[in-house]
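File shown here: coords-v8.csv, holding CSV, C-alpha atoms.
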chain,number,residue,atom,x,y,z
A,447,MET,CA,14.4,6.6,19.6
A,448,PRO,CA,13.0,10.1,20.1
A,449,ASP,CA,9.7,10.5,21.8
A,450,THR,CA,8.2,12.6,19.0
A,451,ASN,CA,7.5,11.7,15.4
A,452,ASP,CA,10.4,12.0,13.0
A,453,PRO,CA,9.0,12.1,9.5
A,454,ASN,CA,12.4,12.3,7.8
A,455,HIS,CA,14.1,9.3,9.3
A,456,ILE,CA,13.5,5.7,10.0
A,457,TYR,CA,15.2,3.8,12.9
A,458,LEU,CA,16.8,0.4,12.8
A,459,GLY,CA,17.2,-1.4,16.1
A,460,VAL,CA,19.8,-4.1,16.6
A,461,HIS,CA,19.1,-6.2,19.6
A,462,VAL,CA,21.9,-6.7,22.1
A,463,ARG,CA,20.5,-8.4,25.2
A,464,GLY,CA,17.4,-8.8,27.4
A,465,PRO,CA,13.8,-9.5,26.6
A,466,VAL,CA,12.5,-7.4,23.7
A,467,THR,CA,9.2,-8.3,21.9
A,468,VAL,CA,8.1,-7.0,18.6
A,469,VAL,CA,4.3,-6.9,17.9
A,470,HIS,CA,3.6,-7.0,14.1
A,471,GLU,CA,0.2,-7.8,12.6
A,472,ARG,CA,-0.9,-9.3,16.0
A,473,ALA,CA,2.0,-11.7,16.0
A,474,ARG,CA,4.5,-11.4,18.8
A,475,THR,CA,8.2,-12.2,18.2
A,476,LEU,CA,10.8,-12.4,20.9
A,477,LEU,CA,14.1,-11.0,19.5
A,478,GLU,CA,17.4,-12.8,19.9
A,479,PRO,CA,20.8,-11.1,20.0
A,480,ASN,CA,21.8,-9.5,16.7
A,481,ASP,CA,18.2,-9.5,15.4
A,482,LEU,CA,17.1,-6.3,13.6
A,483,VAL,CA,13.8,-4.4,13.3
A,484,PHE,CA,12.9,-1.2,11.4
A,485,CYS,CA,11.0,1.2,13.7
A,486,ASP,CA,9.1,4.4,13.5
A,487,PRO,CA,8.9,6.7,16.6
A,488,ALA,CA,5.2,7.2,15.8
A,489,ARG,CA,4.7,3.4,16.3
A,490,ARG,CA,7.1,2.8,19.2
A,491,HIS,CA,4.3,0.9,21.1
A,492,LEU,CA,5.0,-2.0,18.8
A,493,LEU,CA,8.2,-2.7,20.7
A,494,ARG,CA,7.9,-4.1,24.2
A,495,PHE,CA,11.0,-3.8,26.4
A,496,GLY,CA,11.7,-6.1,29.4
A,497,GLU,CA,14.0,-5.5,32.3
A,498,ASP,CA,17.8,-5.0,31.7
A,499,CYS,CA,17.4,-5.1,27.9
A,500,GLN,CA,19.6,-3.2,25.4
A,501,MET,CA,19.2,-2.3,21.8
A,502,ILE,CA,21.3,-0.1,19.5
A,503,PHE,CA,19.3,2.3,17.3
A,504,PHE,CA,20.5,3.7,14.0
A,505,ARG,CA,18.8,6.7,12.5
A,506,VAL,CA,18.6,6.5,8.7
A,507,PRO,CA,17.2,9.1,6.3
A,508,ARG,CA,14.1,7.6,4.6
A,509,CYS,CA,15.0,9.0,1.2
A,510,TYR,CA,18.3,7.1,1.2
A,511,LEU,CA,16.7,3.6,1.1
A,512,GLY,CA,15.4,4.0,-2.4
A,513,VAL,CA,11.8,2.8,-1.8
A,514,THR,CA,8.4,4.5,-1.6
A,515,GLU,CA,6.8,5.5,1.6
A,516,PRO,CA,4.1,2.8,1.3
A,517,GLU,CA,6.8,0.2,0.7
A,518,LEU,CA,8.7,1.5,3.7
A,519,ARG,CA,5.7,1.1,5.9
A,520,GLN,CA,5.5,-2.6,4.8
A,521,VAL,CA,8.8,-3.4,6.5
A,522,LEU,CA,8.2,-1.5,9.8
A,523,GLY,CA,8.0,-3.9,12.7
A,524,VAL,CA,9.1,-6.9,10.6
A,525,PRO,CA,11.7,-8.9,12.7
A,526,VAL,CA,14.9,-9.8,10.8
A,527,ARG,CA,17.0,-12.6,12.1
A,528,GLY,CA,20.6,-11.6,12.6
A,529,GLY,CA,22.0,-15.1,12.4
A,530,GLU,CA,21.8,-15.6,8.7
A,531,GLY,CA,21.9,-14.0,5.3
A,532,ILE,CA,21.8,-10.2,4.7
A,533,GLY,CA,20.5,-9.8,8.3
A,534,ALA,CA,23.7,-11.3,9.8
A,535,LEU,CA,25.9,-9.2,7.5
A,536,ALA,CA,24.0,-6.0,8.4
A,537,ALA,CA,23.9,-6.7,12.2
A,538,ASP,CA,27.6,-7.5,12.4
A,539,PHE,CA,28.6,-4.4,10.3
A,540,LEU,CA,26.4,-2.1,12.3
A,541,THR,CA,27.4,-3.4,15.7
A,542,ALA,CA,31.1,-2.9,14.7
A,543,LEU,CA,30.4,0.6,13.5
A,544,ALA,CA,28.6,1.6,16.7
A,545,ALA,CA,31.5,0.2,18.8
A,546,ARG,CA,34.1,2.4,17.2
A,547,ALA,CA,33.6,5.9,18.7
A,548,GLU,CA,36.3,7.4,16.4
A,549,PHE,CA,34.2,6.7,13.3
A,550,ARG,CA,31.5,9.1,14.4
A,551,ARG,CA,33.3,12.2,13.3
A,552,SER,CA,35.7,11.1,10.6
A,553,SER,CA,35.9,10.6,6.8
A,554,THR,CA,36.3,6.8,7.4
A,555,GLY,CA,33.2,6.7,9.6
A,556,ASP,CA,31.3,8.6,6.9
A,557,ARG,CA,32.3,6.1,4.3
A,558,ARG,CA,31.3,3.2,6.5
A,559,ALA,CA,28.0,4.9,7.3
A,560,ARG,CA,27.3,5.1,3.6
A,561,THR,CA,28.1,1.4,3.2
A,562,ALA,CA,25.7,0.7,6.1
A,563,VAL,CA,23.0,2.6,4.3
A,564,HIS,CA,23.6,0.5,1.1
A,565,LEU,CA,23.3,-2.7,3.2
A,566,LEU,CA,20.1,-1.5,4.7
A,567,SER,CA,18.7,-0.7,1.3
A,568,VAL,CA,19.4,-4.3,0.2
A,569,LEU,CA,17.8,-5.6,3.3
A,570,VAL,CA,14.6,-3.6,2.7
A,571,MET,CA,14.4,-4.9,-0.9
A,572,GLU,CA,14.8,-8.5,0.4
A,573,LEU,CA,12.0,-8.0,2.9
A,574,LEU,CA,9.8,-6.6,0.2
A,575,ALA,CA,10.6,-9.5,-2.1
A,576,ALA,CA,9.8,-12.0,0.6
A,577,ASP,CA,6.5,-10.3,1.3
A,578,THR,CA,5.6,-10.5,-2.4
A,579,THR,CA,6.5,-14.3,-2.5
A,580,GLU,CA,4.2,-14.9,0.5
A,581,GLU,CA,1.4,-12.9,-1.0
A,582,GLU,CA,1.7,-14.7,-4.3
A,583,ALA,CA,1.4,-18.1,-2.5
A,584,ASP,CA,-1.6,-16.8,-0.7
A,585,ALA,CA,-3.1,-15.5,-3.9
A,586,SER,CA,-3.1,-19.0,-5.4
A,587,GLY,CA,-5.1,-20.3,-2.4
A,588,THR,CA,-7.4,-17.9,-0.7
A,589,GLY,CA,-7.0,-15.2,-3.3
A,590,GLY,CA,-10.2,-16.2,-5.2
A,591,ALA,CA,-12.4,-15.8,-2.1
A,592,MET,CA,-10.7,-12.5,-1.3
A,593,LEU,CA,-11.2,-11.2,-4.8
A,594,THR,CA,-14.9,-12.1,-4.6
A,595,ARG,CA,-15.2,-10.0,-1.4
A,596,ILE,CA,-13.3,-7.1,-2.9
A,597,HIS,CA,-15.6,-7.1,-6.0
A,598,ALA,CA,-18.6,-6.9,-3.6
A,599,HIS,CA,-17.0,-4.1,-1.7
A,600,ILE,CA,-16.4,-2.2,-4.9
A,601,GLU,CA,-20.0,-2.6,-6.0
A,602,GLU,CA,-21.2,-1.3,-2.7
A,603,HIS,CA,-19.0,1.8,-2.8
A,604,LEU,CA,-19.1,2.6,-6.5
A,605,MET,CA,-20.7,6.0,-5.9
A,606,ASP,CA,-18.0,6.9,-3.3
A,607,PRO,CA,-15.6,9.5,-5.0
A,608,ASP,CA,-12.9,8.4,-2.5
A,609,LEU,CA,-13.0,4.8,-3.7
A,610,SER,CA,-9.4,4.0,-4.6
A,611,PRO,CA,-6.9,1.1,-4.4
A,612,GLU,CA,-5.6,2.5,-1.1
A,613,SER,CA,-9.1,2.6,0.5
A,614,ILE,CA,-10.0,-0.9,-0.9
A,615,ALA,CA,-6.8,-2.4,0.4
A,616,ARG,CA,-7.2,-0.7,3.8
A,617,ALA,CA,-10.8,-2.0,4.1
A,618,HIS,CA,-9.5,-5.6,3.6
A,619,HIS,CA,-6.4,-5.3,5.7
A,620,ILE,CA,-4.0,-6.1,2.8
A,621,SER,CA,-1.3,-4.2,1.0
A,622,VAL,CA,-2.0,-2.2,-2.2
A,623,ARG,CA,0.6,-4.4,-4.0
A,624,TYR,CA,-1.3,-7.6,-3.0
A,625,LEU,CA,-4.5,-6.0,-4.2
A,626,GLN,CA,-3.0,-5.2,-7.5
A,627,LYS,CA,-1.6,-8.8,-7.8
A,628,LEU,CA,-5.1,-10.3,-7.2
A,629,PHE,CA,-6.5,-8.2,-10.1
A,630,GLN,CA,-3.5,-8.9,-12.3
A,631,ASN,CA,-4.0,-12.6,-11.9
A,632,ASP,CA,-7.6,-12.0,-13.0
A,633,GLY,CA,-6.4,-10.1,-16.1
A,634,SER,CA,-7.2,-6.6,-15.0
A,635,THR,CA,-6.3,-3.8,-12.7
A,636,VAL,CA,-8.2,-2.3,-9.7
A,637,SER,CA,-8.7,1.0,-11.5
A,638,GLN,CA,-9.9,-0.7,-14.7
A,639,TRP,CA,-12.4,-2.8,-12.8
A,640,VAL,CA,-13.8,0.2,-10.9
A,641,ARG,CA,-14.0,2.2,-14.1
A,642,HIS,CA,-15.7,-0.6,-16.0
A,643,ARG,CA,-18.3,-1.2,-13.2
A,644,ARG,CA,-19.1,2.6,-13.0
A,645,LEU,CA,-19.5,2.9,-16.7
A,646,GLU,CA,-21.9,-0.1,-16.8
A,647,PHE,CA,-24.1,1.4,-14.1
A,648,CYS,CA,-24.0,4.8,-15.9
A,649,ARG,CA,-25.0,3.1,-19.2
A,650,LEU,CA,-27.9,1.3,-17.5
A,651,GLU,CA,-29.1,4.4,-15.8
A,652,LEU,CA,-29.0,6.5,-18.9
A,653,GLY,CA,-30.9,3.8,-20.8
A,654,ARG,CA,-33.6,3.5,-18.2
A,655,SER,CA,-34.3,7.2,-17.6
A,656,HIS,CA,-37.1,8.9,-19.3
A,657,ARG,CA,-35.8,12.3,-18.4
A,658,ARG,CA,-32.6,13.9,-19.5
A,659,ILE,CA,-29.8,13.7,-16.9
A,660,THR,CA,-27.0,16.2,-17.1
A,661,MET,CA,-23.6,14.8,-17.6
A,662,ALA,CA,-22.4,16.9,-14.7
A,663,ALA,CA,-24.9,15.1,-12.4
A,664,MET,CA,-24.0,11.7,-13.8
A,665,ALA,CA,-20.3,12.3,-13.4
A,666,HIS,CA,-20.7,13.5,-9.8
A,667,ARG,CA,-22.9,10.6,-8.8
A,668,TRP,CA,-20.6,7.9,-10.1
A,669,GLY,CA,-17.3,9.3,-8.9
A,670,PHE,CA,-15.8,10.7,-12.1
A,671,ASN,CA,-13.5,13.7,-11.9
A,672,SER,CA,-15.5,15.9,-14.3
A,673,PRO,CA,-18.2,15.8,-17.0
A,674,SER,CA,-15.6,15.9,-19.7
A,675,HIS,CA,-13.6,13.1,-18.1
A,676,PHE,CA,-16.8,11.0,-17.9
A,677,SER,CA,-17.7,11.7,-21.5
A,678,ARG,CA,-14.3,10.8,-22.8
A,679,THR,CA,-14.2,7.6,-20.8
A,680,PHE,CA,-17.7,6.6,-21.8
A,681,ARG,CA,-17.0,7.3,-25.5
A,682,GLY,CA,-13.7,5.2,-25.3
A,683,ALA,CA,-15.7,2.3,-23.8
A,684,TYR,CA,-18.8,2.3,-26.0
A,685,GLY,CA,-17.9,4.3,-29.1
A,686,MET,CA,-20.4,7.1,-28.5
A,687,SER,CA,-21.0,9.9,-26.0
A,688,PRO,CA,-23.3,9.5,-23.0
A,689,SER,CA,-25.8,11.9,-24.6
A,690,GLU,CA,-25.9,9.9,-27.8
A,691,TRP,CA,-26.3,6.6,-25.9
A,692,GLN,CA,-29.2,8.1,-23.9
A,693,ALA,CA,-30.9,9.3,-27.0
A,694,LEU,CA,-30.5,6.0,-28.8
A,695,ALA,CA,-31.6,3.9,-25.7
A,696,THR,CA,-34.6,5.9,-24.8
A,697,SER,CA,-35.8,6.2,-28.5
A,698,ALA,CA,-36.1,2.4,-28.6
A,699,PHE,CA,-38.9,2.6,-26.0
A,700,GLU,CA,-40.8,5.4,-27.6
A,701,PRO,CA,-44.3,4.4,-28.9
A,702,MET,CA,-44.5,3.7,-32.6
A,703,PRO,CA,-46.5,6.3,-34.6
A,704,SER,CA,-50.0,5.1,-35.4

Let me see the file written as structure tokens.
Amino acid sequence: MPDTNDPNHIYLGVHVRGPVTVVHERARTLLEPNDLVFCDPARRHLLRFGEDCQMIFFRVPRCYLGVTEPELRQVLGVPVRGGEGIGALAADFLTALAARAEFRRSSTGDRRARTAVHLLSVLVMELLAADTTEEEADASGTGGAMLTRIHAHIEEHLMDPDLSPESIARAHHISVRYLQKLFQNDGSTVSQWVRHRRLEFCRLELGRSHRRITMAAMAHRWGFNSPSHFSRTFRGAYGMSPSEWQALATSAFEPMPS
């Protein structure tokens, strides 16, 4: 792998011999011959090489794998056993491809390289599917406690304009997809929950205030994109504009005429 970051390519290592350890999410896995691992030069420290080890690295354009960048990051550093399933097929094919020097600059080699890319695309999809299965199993067990912590985190950061599914997932060391799955199991989405809680606080604040609050100030305080966006969202939720709600709520507490 190159020493500098390569934003356009991802690297796949096929283990040949010697001690090579992959560090992924604090777990250490000693690779066996024919095992595979997707690598990024920017995170080369996740591979630990022993003496007299050998790996074959293949450079693959990221755009050819047919997945998003966040999905691609999920498979980086995940060891793939080369003795079974699609891992064995990919390892055998790639090892044979690397061994034939005449393929490197020929139409036959080009066709086989395209076949290799298709194999790696399937491998990436299988890794993502396995990750989803594990997260779903976890969601049925510890997911409830995790969701409670996430709700508390959202309440604490409702005024933060940068609050997003990405920031929430990052704060809890989970993937965005797992985060969305937790909320889906609860009958909602992350964005819907955040919007609902912000609107509830806005409604309470408008009703309690004895002075008029500008919609621009309210929108800015509670993380809405603009006053017009805030007004549209509020009307969609409560059937009236924020100003109408404020007038109605505050009038209920005005003293009755004597």

For this session: Just the residues within 12 Å of His666 of chain A, please, counting only C-alpha atoms, with nothing from its chain fewer than 3 positions along; format it as an MDAnalysis selection string.
Result: chainID A and resid 604:608 644 648 659:663 669:676

Take the residues from that selection and put them in a file with C-alpha atoms, as a short mmCIF file (atom, residue, chain, number, x, y, z; two decimals), in the coordinates of the input.
data_model
loop_
_atom_site.label_atom_id
_atom_site.label_comp_id
_atom_site.auth_asym_id
_atom_site.auth_seq_id
_atom_site.Cartn_x
_atom_site.Cartn_y
_atom_site.Cartn_z
CA LEU A 604 -19.10 2.60 -6.50
CA MET A 605 -20.70 6.00 -5.90
CA ASP A 606 -18.00 6.90 -3.30
CA PRO A 607 -15.60 9.50 -5.00
CA ASP A 608 -12.90 8.40 -2.50
CA ARG A 644 -19.10 2.60 -13.00
CA CYS A 648 -24.00 4.80 -15.90
CA ILE A 659 -29.80 13.70 -16.90
CA THR A 660 -27.00 16.20 -17.10
CA MET A 661 -23.60 14.80 -17.60
CA ALA A 662 -22.40 16.90 -14.70
CA ALA A 663 -24.90 15.10 -12.40
CA GLY A 669 -17.30 9.30 -8.90
CA PHE A 670 -15.80 10.70 -12.10
CA ASN A 671 -13.50 13.70 -11.90
CA SER A 672 -15.50 15.90 -14.30
CA PRO A 673 -18.20 15.80 -17.00
CA SER A 674 -15.60 15.90 -19.70
CA HIS A 675 -13.60 13.10 -18.10
CA PHE A 676 -16.80 11.00 -17.90
#

Problem set entry | Spatial neighbours of Pro453 of chain A, max dist 10 Å, all atoms listed in the file, sep filter under 2 positions, as JSON, numbers by chain | {"A": [450, 451, 455, 456, 486, 487, 488, 507, 508]}

Can I get the selection written as a tab-separated table (two decimals), in the frame of the given file, with C-alpha atoms?
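Result file follows (out-v7.tsv):
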chain	number	residue	atom	x	y	z
A	450	THR	CA	8.20	12.60	19.00
A	451	ASN	CA	7.50	11.70	15.40
A	455	HIS	CA	14.10	9.30	9.30
A	456	ILE	CA	13.50	5.70	10.00
A	486	ASP	CA	9.10	4.40	13.50
A	487	PRO	CA	8.90	6.70	16.60
A	488	ALA	CA	5.20	7.20	15.80
A	507	PRO	CA	17.20	9.10	6.30
A	508	ARG	CA	14.10	7.60	4.60

Exercise. Which one is closest to Ser634 of chain A: A:Val521, A:Ala473, A:Leu593, A:Leu569? Count only C-alpha atoms.
Worked result: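 The answer is A:Leu593, which sits nearest to Ser634 of chain A.
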
Exercise. Do you have the atom CA of Tyr684 of chain A-atom CA of Pro611 of chain A distance handy?
Worked result: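 Between atom CA of Tyr684 of chain A and atom CA of Pro611 of chain A the gap works out to 24.7 Å.
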
Problem set entry | Selection: 12 Å around Leu477 of chain A, only C-alpha atoms, excl. self and same-chain fewer than 6 positions, as JSON, numbers by chain | {"A": [459, 460, 461, 462, 463, 464, 465, 466, 467, 468, 469, 483, 493, 494, 495, 496, 499, 500, 501, 523, 524, 525, 526, 527, 528, 529]}

Exercise. Out of A:Gly653, A:Arg643, A:Ala617, A:Arg560, which residue has the shortest atom-to-atom distance to Glu601 of chain A when counting only C-alpha atoms?
Worked result: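 Of A:Gly653, A:Arg643, A:Ala617, A:Arg560, the one nearest Glu601 of chain A is A:Arg643, counting only C-alpha atoms.
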
Exercise. Pick the closest to Leu535 of chain A from A:Glu651, A:Glu548, A:Asp481, A:Glu515: which is it, counting all atoms listed in the file?
Worked result: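 Closest candidate: A:Asp481.
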
Problem set entry | Option closest in space to Arg616 of chain A, from A:Thr635, A:Arg641, A:His599, A:Ala665 [counting only C-alpha atoms] | A:His599

Please extract segment 665-677 of chain A and write it out with all heavy atoms, as a compact mmCIF listing (two decimals), in the first residue's frame.
# COMPACT_ATOMS: atom_id res chain seq x y z
N ALA A 665 -36.42 29.66 15.61
CA ALA A 665 -35.86 28.70 14.66
C ALA A 665 -34.37 28.51 14.91
O ALA A 665 -33.86 27.37 14.91
CB ALA A 665 -36.09 29.19 13.22
N HIS A 666 -33.66 29.60 15.15
CA HIS A 666 -32.22 29.51 15.38
C HIS A 666 -31.92 28.76 16.68
O HIS A 666 -31.01 27.92 16.74
CB HIS A 666 -31.63 30.92 15.44
CG HIS A 666 -30.17 30.95 15.74
ND1 HIS A 666 -29.21 30.59 14.82
CD2 HIS A 666 -29.49 31.26 16.89
CE1 HIS A 666 -28.01 30.70 15.37
NE2 HIS A 666 -28.16 31.10 16.62
N ARG A 667 -32.70 29.01 17.71
CA ARG A 667 -32.44 28.41 19.02
C ARG A 667 -32.63 26.90 18.99
O ARG A 667 -31.89 26.17 19.66
CB ARG A 667 -33.37 29.03 20.05
CG ARG A 667 -33.17 28.50 21.47
CD ARG A 667 -34.15 29.13 22.44
NE ARG A 667 -34.07 30.59 22.42
CZ ARG A 667 -34.92 31.39 23.06
NH1 ARG A 667 -35.92 30.85 23.76
NH2 ARG A 667 -34.79 32.69 23.01
N TRP A 668 -33.60 26.43 18.21
CA TRP A 668 -33.93 25.01 18.24
C TRP A 668 -33.49 24.25 17.00
O TRP A 668 -33.98 23.15 16.72
CB TRP A 668 -35.43 24.83 18.47
CG TRP A 668 -35.81 25.25 19.86
CD1 TRP A 668 -36.39 26.41 20.24
CD2 TRP A 668 -35.59 24.50 21.06
NE1 TRP A 668 -36.55 26.46 21.61
CE2 TRP A 668 -36.07 25.29 22.13
CE3 TRP A 668 -35.03 23.26 21.34
CZ2 TRP A 668 -36.00 24.86 23.45
CZ3 TRP A 668 -34.97 22.83 22.66
CH2 TRP A 668 -35.45 23.62 23.69
N GLY A 669 -32.54 24.81 16.26
CA GLY A 669 -31.87 24.02 15.21
C GLY A 669 -32.61 23.86 13.91
O GLY A 669 -32.30 22.94 13.14
N PHE A 670 -33.61 24.73 13.63
CA PHE A 670 -34.29 24.67 12.34
C PHE A 670 -33.52 25.48 11.30
O PHE A 670 -32.83 26.45 11.64
CB PHE A 670 -35.73 25.17 12.46
CG PHE A 670 -36.63 24.25 13.23
CD1 PHE A 670 -36.80 24.40 14.60
CD2 PHE A 670 -37.27 23.20 12.60
CE1 PHE A 670 -37.61 23.55 15.32
CE2 PHE A 670 -38.10 22.33 13.31
CZ PHE A 670 -38.26 22.50 14.67
N ASN A 671 -33.67 25.09 10.04
CA ASN A 671 -32.87 25.71 8.98
C ASN A 671 -33.18 27.19 8.80
O ASN A 671 -32.28 27.99 8.52
CB ASN A 671 -33.09 24.98 7.64
CG ASN A 671 -32.58 23.56 7.68
OD1 ASN A 671 -31.67 23.24 8.44
ND2 ASN A 671 -33.16 22.69 6.88
N SER A 672 -34.44 27.56 8.95
CA SER A 672 -34.86 28.94 8.71
C SER A 672 -36.21 29.17 9.38
O SER A 672 -36.90 28.21 9.74
CB SER A 672 -34.98 29.20 7.20
OG SER A 672 -36.03 28.42 6.64
N PRO A 673 -36.62 30.44 9.55
CA PRO A 673 -37.94 30.72 10.12
C PRO A 673 -39.07 30.11 9.30
O PRO A 673 -40.05 29.60 9.86
CB PRO A 673 -38.00 32.25 10.12
CG PRO A 673 -36.58 32.69 10.16
CD PRO A 673 -35.82 31.67 9.37
N SER A 674 -38.94 30.16 7.97
CA SER A 674 -40.01 29.60 7.13
C SER A 674 -40.10 28.09 7.29
O SER A 674 -41.20 27.52 7.34
CB SER A 674 -39.78 29.98 5.66
OG SER A 674 -38.52 29.49 5.22
N HIS A 675 -38.94 27.44 7.39
CA HIS A 675 -38.93 25.99 7.60
C HIS A 675 -39.56 25.64 8.95
O HIS A 675 -40.36 24.69 9.07
CB HIS A 675 -37.50 25.46 7.53
CG HIS A 675 -37.37 24.01 7.86
ND1 HIS A 675 -36.56 23.53 8.87
CD2 HIS A 675 -37.98 22.91 7.33
CE1 HIS A 675 -36.66 22.22 8.94
NE2 HIS A 675 -37.51 21.81 8.02
N PHE A 676 -39.23 26.41 9.96
CA PHE A 676 -39.81 26.19 11.29
C PHE A 676 -41.32 26.38 11.27
O PHE A 676 -42.07 25.56 11.81
CB PHE A 676 -39.17 27.17 12.29
CG PHE A 676 -39.88 27.24 13.61
CD1 PHE A 676 -40.07 26.10 14.39
CD2 PHE A 676 -40.37 28.45 14.08
CE1 PHE A 676 -40.73 26.16 15.60
CE2 PHE A 676 -41.03 28.52 15.30
CZ PHE A 676 -41.21 27.38 16.06
N SER A 677 -41.79 27.44 10.62
CA SER A 677 -43.23 27.71 10.58
C SER A 677 -43.97 26.61 9.84
O SER A 677 -45.05 26.16 10.28
CB SER A 677 -43.48 29.07 9.91
OG SER A 677 -42.96 30.12 10.70
